[in-house]
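Data from work-v4.txt: compact mmCIF, C-alpha atoms and all ligand atoms
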```
# COMPACT_ATOMS: atom_id res chain seq x y z
CA MET A 1 127.64 47.07 12.92
CA LEU A 2 126.54 45.70 9.58
CA SER A 3 129.08 42.90 9.78
CA SER A 4 127.31 41.26 12.71
CA ARG A 5 124.17 40.54 10.66
CA GLY A 6 123.34 37.00 9.60
CA GLY A 7 124.56 35.24 6.48
CA PRO A 8 127.88 33.58 5.71
CA ARG A 9 130.80 34.88 7.69
CA VAL A 10 133.48 36.92 5.98
CA GLU A 11 137.03 35.68 6.48
CA THR A 12 138.14 38.65 8.53
CA PRO A 13 135.13 40.07 10.36
CA MET A 14 135.13 43.82 10.23
CA THR A 15 134.50 45.65 13.44
CA THR A 16 134.26 49.29 12.38
CA ALA A 17 133.49 50.62 8.94
CA LYS A 18 135.32 53.71 7.73
CA LYS A 19 133.16 56.82 7.43
CA VAL A 20 133.02 59.09 4.41
CA GLU A 21 134.96 62.29 5.09
CA THR A 22 134.28 64.14 1.82
CA VAL A 23 132.77 63.40 -1.56
CA LEU A 24 134.84 65.06 -4.27
CA PRO A 25 133.01 66.20 -7.41
CA SER A 26 134.28 65.12 -10.82
CA PRO A 27 136.03 68.10 -12.41
CA PRO A 28 135.34 68.95 -16.07
CA ILE A 29 137.20 67.02 -18.75
CA HIS A 30 140.50 68.29 -20.13
CA TRP A 31 142.63 66.73 -22.85
CA VAL A 32 145.98 65.13 -22.11
CA GLY A 33 147.69 65.21 -25.48
CA ASP A 34 145.17 64.39 -28.20
CA GLY A 35 144.36 60.93 -26.85
CA PHE A 36 143.06 61.21 -23.31
CA PRO A 37 139.95 63.19 -22.35
CA VAL A 38 140.39 62.99 -18.59
CA SER A 39 138.66 64.17 -15.48
CA SER A 40 141.22 64.69 -12.72
CA VAL A 41 139.19 63.04 -10.01
CA LEU A 42 142.09 63.49 -7.64
CA SER A 43 144.98 65.92 -8.01
CA PRO A 44 147.74 67.33 -5.80
CA GLN A 45 145.76 70.59 -5.83
CA SER A 46 142.45 69.04 -4.75
CA VAL A 47 143.53 66.90 -1.83
CA ARG A 48 147.20 67.73 -1.31
CA ASN A 49 148.51 64.83 0.77
CA ARG A 50 145.22 63.68 2.25
CA LEU A 51 145.04 60.46 0.21
CA SER A 52 148.77 59.75 0.46
CA PRO A 53 150.36 57.73 -1.07
CA PHE A 54 147.88 58.42 -3.92
CA ILE A 55 148.38 61.91 -5.29
CA LEU A 56 146.56 61.89 -8.62
CA MET A 57 143.81 60.03 -10.39
CA ASP A 58 142.85 60.82 -13.96
CA TYR A 59 139.80 59.01 -15.30
CA ALA A 60 139.22 58.94 -19.05
CA GLY A 61 136.08 57.96 -20.79
CA PRO A 62 134.33 56.06 -21.98
CA ALA A 63 135.14 58.06 -25.12
CA ARG A 64 134.75 57.01 -28.74
CA PHE A 65 137.56 57.57 -31.23
CA GLU A 66 137.14 57.35 -34.98
CA PRO A 67 139.66 55.25 -36.93
CA SER A 68 142.84 57.14 -37.69
CA LYS A 69 146.29 56.66 -39.18
CA GLN A 70 148.31 58.50 -36.55
CA PRO A 71 148.22 57.07 -32.99
CA ARG A 72 146.77 59.65 -30.60
CA GLY A 73 148.27 60.26 -27.18
CA VAL A 74 151.13 61.97 -25.44
CA ASP A 75 154.63 62.33 -26.87
CA THR A 76 157.81 61.68 -24.91
CA HIS A 77 157.81 63.34 -21.49
CA PRO A 78 159.65 62.80 -18.18
CA HIS A 79 158.56 61.61 -14.73
CA ARG A 80 160.41 61.48 -11.43
CA GLY A 81 159.66 60.68 -7.81
CA PHE A 82 156.54 58.48 -8.00
CA GLU A 83 154.80 55.55 -9.74
CA ALA A 84 152.28 55.85 -12.57
CA VAL A 85 149.68 53.10 -12.60
CA THR A 86 147.49 52.71 -15.68
CA VAL A 87 144.32 50.61 -15.59
CA VAL A 88 142.63 49.93 -18.94
CA TYR A 89 138.91 49.08 -19.05
CA GLN A 90 138.23 49.48 -22.77
CA GLY A 91 140.49 50.11 -25.75
CA GLU A 92 144.22 49.53 -25.98
CA LEU A 93 147.29 51.60 -25.14
CA GLU A 94 150.91 51.36 -26.16
CA HIS A 95 153.83 52.42 -24.05
CA ARG A 96 157.54 52.92 -24.69
CA ASP A 97 160.08 54.22 -22.20
CA SER A 98 163.73 55.12 -21.64
CA SER A 99 164.34 52.01 -19.52
CA GLY A 100 163.74 49.91 -22.63
CA ASN A 101 160.25 48.74 -21.67
CA SER A 102 157.45 48.69 -24.15
CA GLY A 103 154.18 46.91 -24.65
CA SER A 104 150.48 47.29 -25.11
CA ILE A 105 147.78 46.94 -22.49
CA GLY A 106 144.13 46.22 -23.16
CA PRO A 107 140.92 45.61 -21.19
CA GLY A 108 141.66 44.29 -17.71
CA ASP A 109 145.41 44.89 -17.97
CA VAL A 110 147.40 47.15 -15.66
CA GLN A 111 150.76 48.81 -16.12
CA TRP A 112 152.63 49.71 -12.95
CA MET A 113 155.54 51.99 -13.82
CA THR A 114 157.86 53.07 -11.04
CA ALA A 115 159.48 56.20 -12.42
CA ALA A 116 161.61 56.75 -9.30
CA SER A 117 164.84 58.57 -10.37
CA GLY A 118 163.49 59.13 -13.83
CA VAL A 119 161.74 57.76 -16.86
CA LEU A 120 161.05 59.32 -20.24
CA HIS A 121 158.03 57.73 -21.88
CA GLU A 122 155.32 58.13 -24.45
CA GLU A 123 151.72 57.07 -23.93
CA LYS A 124 149.66 56.39 -27.05
CA HIS A 125 146.66 54.53 -28.32
CA SER A 126 147.89 51.22 -29.76
CA ARG A 127 148.33 51.01 -33.53
CA GLU A 128 145.56 48.41 -33.71
CA PHE A 129 143.11 50.54 -31.71
CA THR A 130 144.07 53.59 -33.78
CA ARG A 131 143.37 51.75 -37.03
CA GLN A 132 140.05 50.30 -35.90
CA GLY A 133 138.81 53.10 -33.68
CA GLY A 134 136.60 52.32 -30.71
CA VAL A 135 135.85 53.19 -27.13
CA LEU A 136 138.60 54.06 -24.66
CA GLU A 137 138.10 53.90 -20.92
CA MET A 138 141.03 54.00 -18.51
CA ALA A 139 142.37 55.41 -15.30
CA GLN A 140 145.83 56.56 -14.37
CA LEU A 141 146.85 56.85 -10.75
CA TRP A 142 150.03 58.35 -9.33
CA VAL A 143 151.43 56.69 -6.23
CA ASN A 144 153.96 58.72 -4.30
CA LEU A 145 157.31 57.29 -3.22
CA PRO A 146 158.98 58.02 0.12
CA ALA A 147 162.11 60.22 -0.01
CA LYS A 148 164.47 57.28 0.33
CA HIS A 149 163.00 55.62 -2.78
CA LYS A 150 162.56 58.67 -5.02
CA MET A 151 166.00 58.37 -6.62
CA THR A 152 166.21 54.57 -6.91
CA SER A 153 166.17 52.77 -10.28
CA PRO A 154 162.96 52.70 -12.31
CA ARG A 155 160.88 49.50 -12.37
CA TYR A 156 158.22 48.35 -14.78
CA GLN A 157 155.48 45.80 -14.10
CA GLU A 158 153.07 44.79 -16.79
CA LEU A 159 150.19 42.99 -15.12
CA GLY A 160 148.10 41.16 -17.66
CA CYS A 161 144.45 40.55 -16.90
CA ASP A 162 145.18 36.86 -16.15
CA ALA A 163 147.89 37.73 -13.62
CA ILE A 164 145.46 39.70 -11.45
CA PRO A 165 143.67 37.51 -8.88
CA THR A 166 139.89 37.74 -8.70
CA VAL A 167 138.16 37.15 -5.38
CA ALA A 168 134.49 36.18 -5.20
CA LEU A 169 132.74 38.29 -2.55
CA PRO A 170 130.58 36.61 0.10
CA ASP A 171 126.82 36.24 -0.51
CA ASP A 172 127.37 36.22 -4.27
CA ALA A 173 127.70 40.02 -4.05
CA GLY A 174 130.21 40.31 -6.88
CA THR A 175 133.94 40.17 -7.48
CA ALA A 176 137.10 42.08 -6.59
CA ARG A 177 140.21 42.06 -8.78
CA ILE A 178 143.21 42.47 -6.52
CA ILE A 179 145.67 44.65 -8.43
CA ALA A 180 147.66 45.54 -5.32
CA GLY A 181 147.56 44.92 -1.58
CA ASP A 182 146.23 41.99 0.41
CA PHE A 183 142.51 41.27 0.29
CA ASN A 184 142.05 38.99 3.31
CA ARG A 185 144.47 36.20 2.35
CA THR A 186 144.78 37.01 -1.35
CA PRO A 187 147.88 39.03 -2.23
CA GLY A 188 147.65 41.57 -5.04
CA ALA A 189 149.48 41.18 -8.35
CA ALA A 190 151.73 44.24 -8.09
CA LYS A 191 154.90 44.65 -6.10
CA THR A 192 154.59 47.95 -4.27
CA VAL A 193 157.18 50.09 -2.50
CA THR A 194 154.99 51.00 0.47
CA PRO A 195 151.74 49.28 1.52
CA VAL A 196 149.16 50.17 -1.17
CA ILE A 197 145.79 48.73 -2.11
CA LEU A 198 144.13 48.94 -5.51
CA TRP A 199 141.01 46.84 -6.03
CA ASP A 200 138.72 46.79 -9.05
CA VAL A 201 135.33 45.78 -7.71
CA ARG A 202 132.05 44.78 -9.35
CA LEU A 203 128.86 44.52 -7.34
CA ARG A 204 125.46 43.19 -8.32
CA GLN A 205 122.38 45.32 -7.93
CA GLY A 206 121.28 45.49 -4.32
CA ALA A 207 124.40 43.77 -2.99
CA THR A 208 126.44 44.87 0.01
CA ALA A 209 130.19 44.33 0.18
CA ARG A 210 132.46 44.69 3.16
CA LEU A 211 135.99 45.29 1.95
CA PRO A 212 138.95 44.85 4.33
CA VAL A 213 140.79 48.18 4.09
CA PRO A 214 143.20 48.27 7.05
CA GLU A 215 142.94 50.60 10.02
CA GLY A 216 145.15 53.67 9.57
CA PHE A 217 145.17 53.47 5.77
CA ASN A 218 144.05 56.45 3.74
CA SER A 219 141.46 55.27 1.22
CA ALA A 220 138.86 56.34 -1.29
CA VAL A 221 136.20 54.76 -3.48
CA PHE A 222 135.61 55.90 -7.05
CA VAL A 223 132.24 54.77 -8.44
CA ARG A 224 133.02 54.33 -12.11
CA ARG A 225 129.77 52.80 -13.29
CA GLY A 226 126.33 52.39 -11.76
CA SER A 227 125.60 53.95 -8.40
CA ALA A 228 126.31 53.01 -4.83
CA TRP A 229 126.18 54.11 -1.23
CA ILE A 230 129.45 54.19 0.65
CA GLY A 231 129.59 53.64 4.39
CA GLU A 232 126.66 55.22 6.13
CA THR A 233 126.10 58.04 3.64
CA ARG A 234 122.55 57.78 2.50
CA SER A 235 123.29 59.44 -0.79
CA THR A 236 123.98 57.87 -4.12
CA MET A 237 127.39 58.27 -5.66
CA SER A 238 128.18 57.98 -9.32
CA ARG A 239 131.33 59.16 -11.10
CA GLN A 240 132.49 60.59 -7.79
CA LEU A 241 135.28 59.88 -5.37
CA ALA A 242 134.46 59.32 -1.71
CA LEU A 243 137.39 60.05 0.55
CA LEU A 244 137.20 57.92 3.70
CA GLU A 245 138.38 58.47 7.24
CA THR A 246 141.48 56.55 8.30
CA ALA A 247 139.75 55.11 11.38
CA GLY A 248 137.98 51.80 10.84
CA ASP A 249 139.11 48.51 9.36
CA GLY A 250 136.92 48.22 6.31
CA VAL A 251 134.71 49.88 3.74
CA ILE A 252 131.05 49.10 3.19
CA VAL A 253 129.57 49.63 -0.25
CA GLN A 254 125.94 49.03 -1.20
CA SER A 255 125.07 49.02 -4.88
CA GLU A 256 121.77 50.43 -6.09
CA GLU A 257 122.30 48.90 -9.50
CA ASP A 258 125.05 46.78 -11.07
CA SER A 259 128.08 48.89 -10.17
CA GLU A 260 131.80 49.02 -10.78
CA PHE A 261 134.24 50.93 -8.65
CA LEU A 262 137.88 51.30 -7.72
CA ILE A 263 139.10 51.18 -4.14
CA VAL A 264 142.41 52.96 -3.67
CA GLY A 265 144.36 53.33 -0.47
CA GLY A 266 147.54 52.86 1.45
CA GLU A 267 149.68 53.66 4.40
CA PRO A 268 150.23 57.43 4.44
CA ILE A 269 153.72 58.71 3.63
CA ASN A 270 154.19 61.48 6.16
CA GLU A 271 156.59 63.69 4.21
CA PRO A 272 156.24 67.04 2.48
CA VAL A 273 155.03 66.85 -1.12
CA VAL A 274 156.10 69.31 -3.80
CA ALA A 275 154.41 68.40 -7.09
CA TYR A 276 155.19 70.24 -10.27
CA GLY A 277 154.00 68.96 -13.67
CA PRO A 278 155.45 65.46 -14.15
CA PHE A 279 157.57 65.52 -10.98
CA VAL A 280 156.64 64.71 -7.38
CA MET A 281 159.41 65.44 -4.90
CA ASN A 282 159.85 66.58 -1.28
CA THR A 283 161.36 70.03 -1.87
CA GLN A 284 161.32 72.85 -4.40
CA GLN A 285 165.05 72.40 -4.83
CA GLU A 286 164.55 68.78 -5.97
CA ILE A 287 161.96 69.97 -8.51
CA GLN A 288 164.49 72.46 -9.84
CA GLN A 289 167.06 69.67 -10.05
CA ALA A 290 164.64 67.49 -12.03
CA ILE A 291 164.03 70.32 -14.51
CA GLU A 292 167.79 70.83 -14.89
CA ASP A 293 168.38 67.08 -15.33
CA VAL A 294 165.80 66.98 -18.13
CA ARG A 295 167.47 70.00 -19.81
CA ALA A 296 170.89 68.35 -19.50
CA GLY A 297 169.57 65.06 -20.91
CA LYS A 298 170.36 63.28 -17.63
CA LEU A 299 166.87 62.18 -16.57
CA GLY A 300 166.02 58.66 -17.64
CA GLN A 301 169.57 57.91 -18.71
CA PRO A 302 171.67 55.18 -17.11
CA ASP A 303 174.36 56.52 -14.73
MN MN B 1 153.30 59.94 -18.38
```
Please, can you express the file's structure as structure tokens?
Amino acid sequence: MLSSRGGPRVETPMTTAKKVETVLPSPPIHWVGDGFPVSSVLSPQSVRNRLSPFILMDYAGPARFEPSKQPRGVDTHPHRGFEAVTVVYQGELEHRDSSGNSGSIGPGDVQWMTAASGVLHEEKHSREFTRQGGVLEMAQLWVNLPAKHKMTSPRYQELGCDAIPTVALPDDAGTARIIAGDFNRTPGAAKTVTPVILWDVRLRQGATARLPVPEGFNSAVFVRRGSAWIGETRSTMSRQLALLETAGDGVIVQSEEDSEFLIVGGEPINEPVVAYGPFVMNTQQEIQQAIEDVRAGKLGQPD
């Protein structure tokens, strides 16, 4: 009952903190194209549907790239059935897709791409970053869509750093950037299809934060920098993902040093998941259809 201690009151007092169910190790780095040395912190293979609606999280970096002439990254490829959310911490990326959207995102920016029925896109380092070289640090998360939204039209949200609200945490503990979902009374920047939270949190050394993750939501904390204790685990986490129990109406994080972490979560989508490469559908037959649509040039094309 940490929330009943003294000090200023939080806006929505938490009654029960979520407990850590599992701490997932960070898998070894693999390259996605020639631009993204990622650790798949979360994948359909590692947790299946346990963190639904989140089905994948790739974390890249920080990694230094020498100046180059040719932008590094991933050439045109398809997606269907989910949303790809890219959070940039350092460096700059450029995106171009079959729905006619393009742009670059830098530190603090987020791109929320709803692939839905289908998008073809390329993901590259920006020309500027390529020319200058530098450090890249980013995360990409895949958010599943429910069956009835899998074949709707694609949507693209570019959320600049300034468009993302920042909440000061009580007791001068730090800040939370609300990319998606409500944080007490502050709504997140992104429009989401189902209830989803994505918070980019910074905590000062020795601070404790109580974060209002709703009862019944799946959720996890990824400690990106520094080290912290989550819930009542008395073990330090760094570069690891703590998967939390759904019971409880908040998450408690205590930082041992200045720390930065991502809180991801949402209302579970209770449907079968069949994930294959760049497609996330409900059945094997729908995966086969996606493959055929790509072959026939139909994916990512207007009807
Ligand atoms: Mn992609």
* **Separation of CA of Gly226 (chain A) from CA of Gln132 (chain A) in Å** =>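 Computed distance, CA of Gln132 (chain A) to CA of Gly226 (chain A), equals 27.8 Å.
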* Please write out the residues within 7 Å of ligand MN 1 (chain B) as a list of chain:residue names, counting only C-alpha atoms and all ligand atoms. =>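 Based on only C-alpha atoms and all ligand atoms, ligand MN 1 (chain B) is surrounded within 7 Å by A:His77, A:Pro78, A:His79, A:His121, A:Glu122, A:Glu123.
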* Would you list the contacts of region 144-158 of chain A as a PyMOL selection string, taking every protein, DNA or RNA residue within 7 Å and counting only C-alpha atoms, but skipping same-chain residues closer than 3 positions in sequence? => chain A and resi 53-55+81-83+110-119+269+282
When you look at Gly181 (chain A) with a cut-off of 8 Å (counting all atoms listed in the file), what residues show up, excluding the ones that are within fewer than 3 positions of it in the same chain? I need them as a PDB file with C-alpha atoms, keeping the file's coordinate frame.
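File written: out-v5.pdb
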```pdb
ATOM      1  CA  ILE A 178     143.210  42.470  -6.520  1.00  0.00           C
ATOM      2  CA  PRO A 187     147.880  39.030  -2.230  1.00  0.00           C
ATOM      3  CA  GLY A 188     147.650  41.570  -5.040  1.00  0.00           C
ATOM      4  CA  ALA A 189     149.480  41.180  -8.350  1.00  0.00           C
ATOM      5  CA  ALA A 190     151.730  44.240  -8.090  1.00  0.00           C
ATOM      6  CA  PRO A 195     151.740  49.280   1.520  1.00  0.00           C
ATOM      7  CA  VAL A 196     149.160  50.170  -1.170  1.00  0.00           C
ATOM      8  CA  ILE A 197     145.790  48.730  -2.110  1.00  0.00           C
ATOM      9  CA  LEU A 198     144.130  48.940  -5.510  1.00  0.00           C
TER      10      LEU A 198
END
```
* **Pairwise distance for CA of Glu257 (chain A) and CA of Val223 (chain A), rounded to one decimal in Å** =>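 One can read the CA of Glu257 (chain A) to CA of Val223 (chain A) distance as 11.6 Å.
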